[in-house]
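The structure file run00.cif is reproduced below (mmCIF, C-alpha atoms).
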data_coords
#
loop_
_atom_site.label_atom_id
_atom_site.label_comp_id
_atom_site.auth_asym_id
_atom_site.auth_seq_id
_atom_site.Cartn_x
_atom_site.Cartn_y
_atom_site.Cartn_z
CA MET A 1 -193.99 -106.18 -40.89
CA LYS A 2 -194.88 -102.60 -41.47
CA THR A 3 -192.82 -101.62 -38.47
CA ARG A 4 -189.85 -103.63 -39.70
CA LEU A 5 -190.10 -102.02 -43.13
CA SER A 6 -190.19 -98.58 -41.68
CA THR A 7 -187.25 -99.44 -39.42
CA LEU A 8 -185.38 -100.57 -42.48
CA ARG A 9 -186.35 -97.38 -44.22
CA ARG A 10 -185.22 -95.40 -41.24
CA LEU A 11 -181.81 -96.99 -41.54
CA VAL A 12 -181.49 -97.15 -45.29
CA VAL A 13 -182.68 -93.70 -46.18
CA PRO A 14 -180.20 -91.87 -43.98
CA ALA A 15 -177.48 -94.21 -45.19
CA PHE A 16 -178.27 -93.31 -48.76
CA ALA A 17 -178.44 -89.67 -47.85
CA ALA A 18 -175.08 -89.90 -46.15
CA VAL A 19 -173.54 -91.58 -49.16
CA ALA A 20 -175.12 -89.02 -51.46
CA PHE A 21 -173.81 -86.23 -49.25
CA LEU A 22 -170.31 -87.65 -49.20
CA CYS A 23 -170.39 -88.06 -52.97
CA SER A 24 -171.53 -84.53 -53.51
CA ALA A 25 -168.95 -83.27 -51.04
CA ALA A 26 -166.30 -85.20 -52.92
CA ALA A 27 -167.59 -83.79 -56.18
CA ALA A 28 -167.56 -80.30 -54.76
CA PHE A 29 -164.00 -80.85 -53.59
CA ALA A 30 -163.06 -82.15 -57.04
CA GLN A 31 -164.64 -79.08 -58.60
CA ALA A 32 -162.96 -76.68 -56.19
CA PRO A 33 -159.31 -77.35 -56.80
CA ILE A 34 -158.35 -73.72 -56.44
CA VAL A 35 -157.66 -72.54 -52.93
CA ALA A 36 -157.63 -68.82 -52.22
CA THR A 37 -155.39 -67.59 -49.39
CA ASP A 38 -155.22 -64.19 -47.74
CA PRO A 39 -157.51 -62.15 -49.99
CA TRP A 40 -157.20 -58.43 -49.22
CA MET A 41 -158.13 -55.06 -50.61
CA ARG A 42 -155.97 -51.96 -50.49
CA GLU A 43 -158.02 -49.44 -48.56
CA PRO A 44 -159.22 -46.96 -51.16
CA MET A 45 -157.71 -43.54 -50.79
CA ALA A 46 -159.94 -40.63 -49.94
CA ARG A 47 -161.93 -39.69 -53.03
CA ALA A 48 -160.34 -42.44 -55.14
CA GLU A 49 -162.84 -44.51 -57.07
CA GLN A 50 -160.53 -47.38 -57.70
CA THR A 51 -158.47 -49.81 -55.71
CA ALA A 52 -156.81 -53.18 -56.02
CA ILE A 53 -157.49 -56.64 -54.59
CA PHE A 54 -154.79 -59.20 -53.93
CA VAL A 55 -154.97 -62.93 -53.20
CA VAL A 56 -152.86 -66.04 -53.54
CA LEU A 57 -154.52 -68.70 -55.72
CA GLU A 58 -153.25 -72.24 -55.34
CA ASN A 59 -154.04 -74.84 -57.95
CA LYS A 60 -154.37 -78.28 -56.32
CA THR A 61 -154.78 -80.12 -59.59
CA ALA A 62 -152.41 -81.41 -62.26
CA GLU A 63 -154.14 -79.21 -64.81
CA LYS A 64 -153.35 -75.59 -65.62
CA ARG A 65 -156.15 -73.20 -64.62
CA GLN A 66 -156.77 -69.60 -65.49
CA LEU A 67 -158.53 -66.91 -63.56
CA VAL A 68 -160.64 -65.32 -66.30
CA SER A 69 -162.80 -62.83 -64.43
CA ALA A 70 -163.84 -61.41 -61.10
CA THR A 71 -167.09 -59.78 -60.12
CA SER A 72 -168.31 -57.83 -57.14
CA THR A 73 -171.32 -55.75 -56.28
CA ALA A 74 -168.98 -53.27 -54.58
CA ALA A 75 -167.68 -51.81 -57.85
CA GLU A 76 -169.09 -50.80 -61.19
CA LYS A 77 -166.39 -52.64 -63.05
CA VAL A 78 -163.92 -55.31 -62.01
CA GLU A 79 -160.92 -56.10 -64.18
CA LEU A 80 -157.77 -58.19 -64.10
CA HIS A 81 -154.56 -56.19 -64.34
CA THR A 82 -150.85 -56.50 -64.00
CA MET A 83 -147.96 -54.19 -63.29
CA SER A 84 -144.68 -54.72 -65.02
CA MET A 85 -141.43 -52.90 -65.42
CA GLU A 86 -140.73 -52.43 -69.12
CA GLY A 87 -137.80 -50.42 -70.39
CA GLY A 88 -137.46 -48.80 -67.00
CA MET A 89 -141.12 -47.77 -66.97
CA MET A 90 -143.80 -49.10 -64.66
CA LYS A 91 -146.67 -50.15 -66.84
CA MET A 92 -150.20 -51.06 -65.84
CA THR A 93 -151.90 -53.43 -68.28
CA GLN A 94 -155.30 -55.08 -68.37
CA VAL A 95 -155.02 -58.83 -68.88
CA LYS A 96 -157.59 -61.33 -70.14
CA ALA A 97 -156.56 -64.09 -67.78
CA ILE A 98 -154.11 -64.95 -65.02
CA ASP A 99 -152.45 -68.35 -65.28
CA ILE A 100 -152.35 -70.66 -62.29
CA PRO A 101 -149.88 -73.45 -63.14
CA ALA A 102 -150.75 -77.08 -62.44
CA ASN A 103 -149.89 -77.84 -58.81
CA GLY A 104 -148.64 -74.29 -58.57
CA LYS A 105 -149.90 -70.90 -57.57
CA ALA A 106 -150.55 -67.42 -58.84
CA GLU A 107 -149.70 -64.62 -56.45
CA LEU A 108 -151.80 -61.54 -56.95
CA LYS A 109 -149.71 -58.99 -55.07
CA PRO A 110 -148.57 -55.36 -55.19
CA GLY A 111 -146.30 -54.73 -58.15
CA SER A 112 -147.70 -57.72 -60.03
CA PHE A 113 -151.05 -59.24 -60.98
CA HIS A 114 -154.09 -57.84 -59.20
CA ILE A 115 -157.83 -57.41 -59.45
CA MET A 116 -158.89 -53.81 -60.11
CA PHE A 117 -162.09 -52.28 -58.82
CA PHE A 118 -163.30 -49.25 -60.77
CA GLY A 119 -166.19 -47.05 -59.71
CA LEU A 120 -166.31 -48.08 -56.06
CA LYS A 121 -169.88 -47.97 -54.80
CA GLU A 122 -168.88 -47.93 -51.17
CA ARG A 123 -165.81 -47.03 -49.17
CA PRO A 124 -165.07 -49.94 -46.91
CA GLY A 125 -162.76 -49.05 -44.06
CA SER A 126 -159.86 -51.02 -42.69
CA GLY A 127 -160.98 -54.42 -41.38
CA ALA A 128 -164.20 -54.57 -43.40
CA THR A 129 -164.66 -57.40 -45.88
CA VAL A 130 -165.68 -57.18 -49.51
CA ASP A 131 -167.25 -60.08 -51.41
CA VAL A 132 -165.63 -60.98 -54.70
CA THR A 133 -166.47 -63.92 -56.95
CA LEU A 134 -163.68 -65.38 -59.03
CA THR A 135 -164.40 -67.31 -62.23
CA PHE A 136 -161.96 -69.76 -63.77
CA ASP A 137 -161.58 -71.02 -67.33
CA ASN A 138 -163.40 -74.28 -66.53
CA GLY A 139 -166.43 -72.34 -65.37
CA GLN A 140 -165.74 -72.96 -61.71
CA THR A 141 -166.50 -70.01 -59.46
CA LEU A 142 -164.97 -69.24 -56.11
CA PRO A 143 -166.35 -66.68 -53.69
CA ILE A 144 -163.76 -64.90 -51.59
CA LYS A 145 -163.94 -62.28 -48.86
CA ALA A 146 -161.25 -59.65 -49.22
CA VAL A 147 -160.25 -57.96 -45.97
CA VAL A 148 -159.61 -54.24 -46.32
CA ARG A 149 -156.13 -53.27 -45.23
CA LYS A 150 -154.57 -49.89 -44.78
CA PRO A 151 -151.18 -49.62 -46.44
CA GLU A 152 -148.34 -48.69 -44.13
CA GLY A 153 -148.01 -44.97 -43.58
CA MET A 154 -151.61 -44.31 -44.59
CA ARG A 155 -153.58 -42.04 -42.31
CA MET B 1 -122.06 -61.05 -31.91
CA ARG B 2 -119.60 -58.16 -32.15
CA ALA B 3 -117.30 -60.19 -34.36
CA ALA B 4 -120.21 -61.08 -36.60
CA SER B 5 -121.22 -57.48 -37.04
CA LEU B 6 -117.60 -56.51 -37.70
CA LEU B 7 -117.43 -59.24 -40.30
CA ARG B 8 -120.64 -57.98 -41.86
CA ALA B 9 -119.28 -54.46 -41.94
CA ALA B 10 -116.05 -55.69 -43.51
CA ALA B 11 -118.02 -57.67 -46.07
CA GLY B 12 -120.07 -54.57 -46.79
CA LEU B 13 -116.92 -52.53 -47.34
CA VAL B 14 -115.45 -55.14 -49.65
CA LEU B 15 -118.73 -55.24 -51.54
CA ALA B 16 -118.84 -51.46 -51.78
CA PHE B 17 -115.27 -51.31 -53.07
CA GLY B 18 -116.00 -54.14 -55.46
CA LEU B 19 -119.02 -52.36 -56.84
CA ALA B 20 -117.18 -49.08 -57.10
CA ALA B 21 -114.29 -50.80 -58.85
CA SER B 22 -116.62 -52.50 -61.30
CA GLY B 23 -118.28 -49.18 -62.05
CA CYS B 24 -121.60 -50.53 -60.84
CA SER B 25 -123.88 -47.78 -59.63
CA ALA B 26 -125.85 -49.96 -57.21
CA PRO B 27 -125.86 -47.87 -54.06
CA ALA B 28 -124.21 -49.48 -51.10
CA VAL B 29 -124.48 -47.58 -47.84
CA PRO B 30 -123.76 -44.08 -49.15
CA GLN B 31 -121.19 -41.93 -47.44
CA ALA B 32 -121.30 -38.20 -47.98
CA SER B 33 -118.15 -38.33 -50.06
CA SER B 34 -119.60 -41.08 -52.23
CA LEU B 35 -122.44 -38.87 -53.38
CA PRO B 36 -121.02 -36.69 -56.10
CA VAL B 37 -123.27 -34.11 -57.73
CA MET B 38 -125.03 -35.84 -60.61
CA ASP B 39 -125.84 -34.45 -64.03
CA GLY B 40 -129.35 -33.35 -64.91
CA GLY B 41 -132.15 -31.96 -62.83
CA GLY B 42 -132.20 -28.31 -61.91
CA ASP B 43 -134.76 -25.73 -60.94
CA PHE B 44 -138.30 -25.71 -62.28
CA SER B 45 -141.65 -24.07 -61.69
CA LEU B 46 -145.00 -25.84 -61.51
CA VAL B 47 -148.30 -25.49 -59.65
CA ASP B 48 -148.65 -26.96 -56.15
CA HIS B 49 -151.58 -28.90 -54.72
CA ASP B 50 -153.12 -25.68 -53.41
CA GLY B 51 -153.13 -24.24 -56.92
CA LYS B 52 -150.29 -21.86 -56.09
CA PRO B 53 -147.12 -21.35 -58.13
CA PHE B 54 -144.27 -23.51 -56.93
CA SER B 55 -140.57 -23.15 -57.59
CA LEU B 56 -137.91 -25.63 -56.56
CA THR B 57 -135.80 -22.71 -55.37
CA SER B 58 -138.26 -22.34 -52.46
CA GLN B 59 -136.87 -25.58 -51.00
CA ARG B 60 -133.25 -24.47 -50.62
CA GLY B 61 -131.90 -25.68 -47.32
CA LYS B 62 -133.85 -28.94 -47.44
CA ALA B 63 -133.05 -32.28 -48.93
CA VAL B 64 -135.70 -32.96 -51.59
CA LEU B 65 -137.08 -36.22 -52.88
CA ILE B 66 -138.71 -36.06 -56.31
CA PHE B 67 -140.72 -38.72 -58.09
CA PHE B 68 -143.10 -38.79 -61.02
CA GLY B 69 -146.43 -40.59 -60.93
CA TYR B 70 -150.20 -40.19 -61.10
CA THR B 71 -152.93 -40.58 -58.55
CA PHE B 72 -155.03 -42.94 -60.63
CA CYS B 73 -152.07 -45.30 -60.44
CA PRO B 74 -153.41 -48.10 -58.30
CA ASP B 75 -150.22 -49.72 -57.21
CA ALA B 76 -146.76 -48.26 -57.81
CA CYS B 77 -147.58 -44.78 -56.53
CA PRO B 78 -149.38 -45.78 -53.32
CA THR B 79 -146.54 -48.23 -52.71
CA THR B 80 -143.98 -45.43 -53.08
CA LEU B 81 -146.02 -43.12 -50.83
CA SER B 82 -146.29 -45.87 -48.21
CA LYS B 83 -142.57 -46.46 -48.40
CA LEU B 84 -141.79 -42.76 -48.10
CA SER B 85 -144.07 -42.53 -45.05
CA SER B 86 -141.86 -45.17 -43.45
CA VAL B 87 -138.78 -43.22 -44.55
CA TYR B 88 -140.07 -40.12 -42.75
CA ARG B 89 -140.79 -42.11 -39.62
CA LYS B 90 -137.27 -43.51 -39.60
CA LEU B 91 -135.55 -40.22 -40.38
CA GLY B 92 -136.05 -38.99 -36.84
CA ASP B 93 -134.87 -35.41 -36.39
CA ASP B 94 -133.89 -35.19 -40.05
CA ALA B 95 -137.53 -35.66 -41.13
CA SER B 96 -138.14 -31.91 -40.86
CA LYS B 97 -135.26 -31.32 -43.27
CA VAL B 98 -136.72 -33.40 -46.08
CA LYS B 99 -139.43 -32.38 -48.55
CA THR B 100 -141.03 -34.78 -51.02
CA LEU B 101 -142.28 -33.58 -54.39
CA TYR B 102 -144.78 -35.77 -56.21
CA ILE B 103 -144.92 -34.56 -59.82
CA SER B 104 -147.98 -35.74 -61.71
CA VAL B 105 -147.56 -36.99 -65.26
CA ASP B 106 -151.34 -37.03 -65.65
CA PRO B 107 -152.39 -33.36 -65.51
CA GLU B 108 -155.75 -34.21 -67.10
CA ARG B 109 -156.91 -36.18 -64.06
CA ASP B 110 -154.57 -34.78 -61.43
CA THR B 111 -155.89 -31.35 -60.61
CA PRO B 112 -154.37 -29.70 -57.52
CA GLU B 113 -157.44 -30.80 -55.49
CA VAL B 114 -157.02 -34.43 -56.52
CA LEU B 115 -153.31 -34.36 -55.68
CA LYS B 116 -153.98 -32.79 -52.31
CA ALA B 117 -156.66 -35.35 -51.42
CA ASP B 118 -154.34 -38.15 -52.47
CA LEU B 119 -151.39 -36.94 -50.41
CA GLU B 120 -153.55 -36.34 -47.36
CA ASN B 121 -153.88 -40.12 -47.13
CA PHE B 122 -150.24 -40.44 -46.16
CA ARG B 123 -148.04 -39.30 -43.33
CA LEU B 124 -145.27 -37.48 -45.08
CA ASP B 125 -144.21 -33.93 -45.82
CA ALA B 126 -145.06 -33.85 -49.50
CA ILE B 127 -146.22 -31.38 -52.11
CA GLY B 128 -148.15 -32.58 -55.14
CA LEU B 129 -147.18 -30.73 -58.29
CA THR B 130 -148.91 -30.39 -61.60
CA GLY B 131 -148.95 -27.99 -64.52
CA THR B 132 -149.59 -27.91 -68.21
CA LYS B 133 -148.39 -30.90 -70.18
CA ALA B 134 -145.61 -28.74 -71.68
CA GLU B 135 -144.45 -27.60 -68.22
CA ILE B 136 -144.44 -31.15 -66.91
CA ASP B 137 -142.64 -32.43 -69.99
CA THR B 138 -139.86 -29.93 -69.40
CA VAL B 139 -139.27 -31.18 -65.85
CA VAL B 140 -139.52 -34.81 -66.97
CA GLN B 141 -136.79 -34.12 -69.53
CA GLN B 142 -134.62 -32.18 -67.09
CA TYR B 143 -134.55 -35.14 -64.73
CA GLY B 144 -134.19 -37.79 -67.40
CA ALA B 145 -137.50 -39.36 -66.44
CA ALA B 146 -140.02 -40.63 -68.99
CA TYR B 147 -143.70 -41.40 -69.27
CA GLU B 148 -146.15 -42.58 -71.86
CA ILE B 149 -149.92 -42.23 -71.96
CA VAL B 150 -151.41 -45.56 -72.99
CA PRO B 151 -155.05 -45.57 -74.16
CA THR B 152 -156.94 -48.55 -72.73
CA PRO B 153 -160.31 -48.47 -74.51
CA ASP B 154 -161.38 -51.84 -73.08
CA SER B 155 -160.68 -50.82 -69.50
CA ALA B 156 -162.61 -48.55 -67.18
CA ALA B 157 -159.28 -46.77 -66.64
CA LYS B 158 -159.71 -45.23 -70.15
CA TYR B 159 -155.97 -44.69 -70.20
CA THR B 160 -153.04 -45.52 -68.01
CA VAL B 161 -149.70 -43.79 -67.76
CA SER B 162 -146.53 -45.82 -67.91
CA HIS B 163 -143.79 -43.95 -66.12
CA THR B 164 -140.31 -44.26 -64.73
CA THR B 165 -140.24 -44.82 -60.98
CA THR B 166 -136.86 -43.39 -60.09
CA LEU B 167 -136.74 -41.42 -56.86
CA TYR B 168 -134.36 -38.45 -57.14
CA ALA B 169 -132.65 -37.19 -54.00
CA LEU B 170 -131.52 -33.57 -54.11
CA ASP B 171 -129.23 -31.84 -51.67
CA PRO B 172 -130.18 -28.55 -49.97
CA GLN B 173 -128.71 -26.69 -52.96
CA GLY B 174 -131.14 -28.43 -55.32
CA ARG B 175 -128.56 -30.70 -56.96
CA ILE B 176 -129.21 -34.39 -57.63
CA ARG B 177 -126.94 -36.38 -55.32
CA THR B 178 -128.38 -39.85 -55.72
CA LYS B 179 -131.18 -41.74 -57.44
CA PHE B 180 -133.09 -44.64 -55.95
CA ARG B 181 -134.63 -47.43 -57.95
CA TYR B 182 -138.22 -48.48 -57.33
CA GLU B 183 -136.97 -51.49 -55.37
CA ALA B 184 -134.87 -49.39 -52.98
CA THR B 185 -135.59 -50.22 -49.36
CA VAL B 186 -136.66 -47.77 -46.67
CA ASP B 187 -133.24 -48.11 -45.03
CA GLU B 188 -131.39 -47.35 -48.26
CA ILE B 189 -133.39 -44.17 -48.74
CA VAL B 190 -132.98 -43.14 -45.08
CA ASP B 191 -129.22 -43.73 -45.24
CA GLY B 192 -129.00 -41.76 -48.50
CA LEU B 193 -130.85 -38.81 -46.98
CA HIS B 194 -128.75 -38.82 -43.82
CA ALA B 195 -125.64 -38.80 -46.01
CA ILE B 196 -126.91 -35.92 -48.12
CA LEU B 197 -127.84 -33.90 -45.05
CA SER B 198 -124.57 -34.61 -43.26
CA ALA B 199 -122.60 -33.56 -46.36
CA SER B 200 -124.20 -30.16 -46.40
#

Exercise: express the given structure as structure tokens:
Amino acid sequence: MKTRLSTLRRLVVPAFAAVAFLCSAAAAFAQAPIVATDPWMREPMARAEQTAIFVVLENKTAEKRQLVSATSTAAEKVELHTMSMEGGMMKMTQVKAIDIPANGKAELKPGSFHIMFFGLKERPGSGATVDVTLTFDNGQTLPIKAVVRKPEGMR
Amino acid sequence: MRAASLLRAAAGLVLAFGLAASGCSAPAVPQASSLPVMDGGGDFSLVDHDGKPFSLTSQRGKAVLIFFGYTFCPDACPTTLSKLSSVYRKLGDDASKVKTLYISVDPERDTPEVLKADLENFRLDAIGLTGTKAEIDTVVQQYGAAYEIVPTPDSAAKYTVSHTTTLYALDPQGRIRTKFRYEATVDEIVDGLHAILSAS
């Protein structure tokens, strides 16, 4: 009897665990509706203490999301910025949030929205990766690894 | 293949004539004759990235590219420098006949040393120029450029500088022959420079 019970337990417990795992995986998937593609950092110029990070953020849900902050241990301060052409002038502006439309995407790219690193604590070279954590308006966080790239023509 | 390229060339000509006729200044492939001397610009004196006096007159005999920017600029300026590096690579033999002048509109942060360090990141024949605010303002006005210092107390940048991104192309006599918009492609700039050099 005892053996049968333990056999049962041996079968049931893993089954429960599997179900629990699948549920949590599903929950995690439901909570991670933002997919980050091709995160990269512009290789900081010699002596420069700031640089920009770019990434494409895809919103897999039917609800609008906003990127509200980014953090990294690699910089003293991380901010969200955008570049825009206004009255013939290129303007750099700090923004509070970057919209990611429902079932759409936000492209953080040169000449547009980007994540700014100020006070770089290290100088990662081309090919290195830098950890950045993105936070969205629903509290969800998303860790990304930005690959350092050398802009064309850079020594 | 040949017919297609002929067709493309014909289409390009039609487009160029159309644009010229409509008074649109969008540069098609520039021919020497299509680059009249433009108003504005002229000689100026500033300080170069070695801290030495610089005068535009020292560049006679070379085509000169001028743009205004600042090294703290995280995006537009590195993008322009990257693009100009590609321009130099594509210029071939003409590369030695072209000098780029990067005039800072942020003399507070852009000391000659900072400008030099910034330009050393890129493969192009460029001189970083700075000066007093009054000296820089004079050149900005001469070339019809503009900039605005924008305080950003909430940002670690402290302030940013909004600025025009026009790239001015001068002939070997120091006269503006064409202006490129920020969006101009490497090929457009290379073609423009070849045209300027072949005209002189």

Problem set entry | Ground truth for the PyMOL selection byres ((chain A and resi 118-120) around 12), written as a PyMOL selection string | (chain A and resi 43-53+71-81+115-117+121-124+130) or (chain B and resi 72-74+155-158)

For this session: Provide the CA of Lys97 (chain B) to CA of Val114 (chain B) distance in Å, to one decimal place.
Result: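 Result for CA of Lys97 (chain B) versus CA of Val114 (chain B): 25.7 Å, one decimal.
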
Problem set entry | Residues in the PyMOL selection byres ((chain B) within 10 of (chain A)), expressed as a VMD selection string | chain B and resid 69 71 to 79 81 to 89 114 117 to 124 145 to 150 152 154 to 157 159 to 166 181 to 182

Problem set entry | Length of the CA of Thr178 (chain B) to CA of Leu35 (chain B) vector [Å] |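 So the two atoms, CA of Thr178 (chain B) and CA of Leu35 (chain B), lie 6.5 Å apart.
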
Problem set entry | Residues matched by the PyMOL selection byres ((chain B and resi 188-192) around 12) as number ranges by chain | B: 26-35, 63-65, 80, 83-95, 98, 166-171, 176-187, 193-199

Exercise. What is the CA of Val37 (chain B) to CA of Asp106 (chain B) distance in Å?
Worked result: 29.3 Å

For this session: Excluding region 134-136 of chain B and residues on its chain fewer than 3 positions from it, collect all residues at most 9 Å away from it, counting all atoms listed in the file, and give them as a ChimeraX atom specification.
Result: /B:44-46,103-105,107,130-131,139-141

Problem set entry | 8 Å contact set for Val47 (chain B), all atoms listed in the file, chain neighbours under 4 positions out, as a PyMOL selection string | chain B and resi 51-54+112+129-131
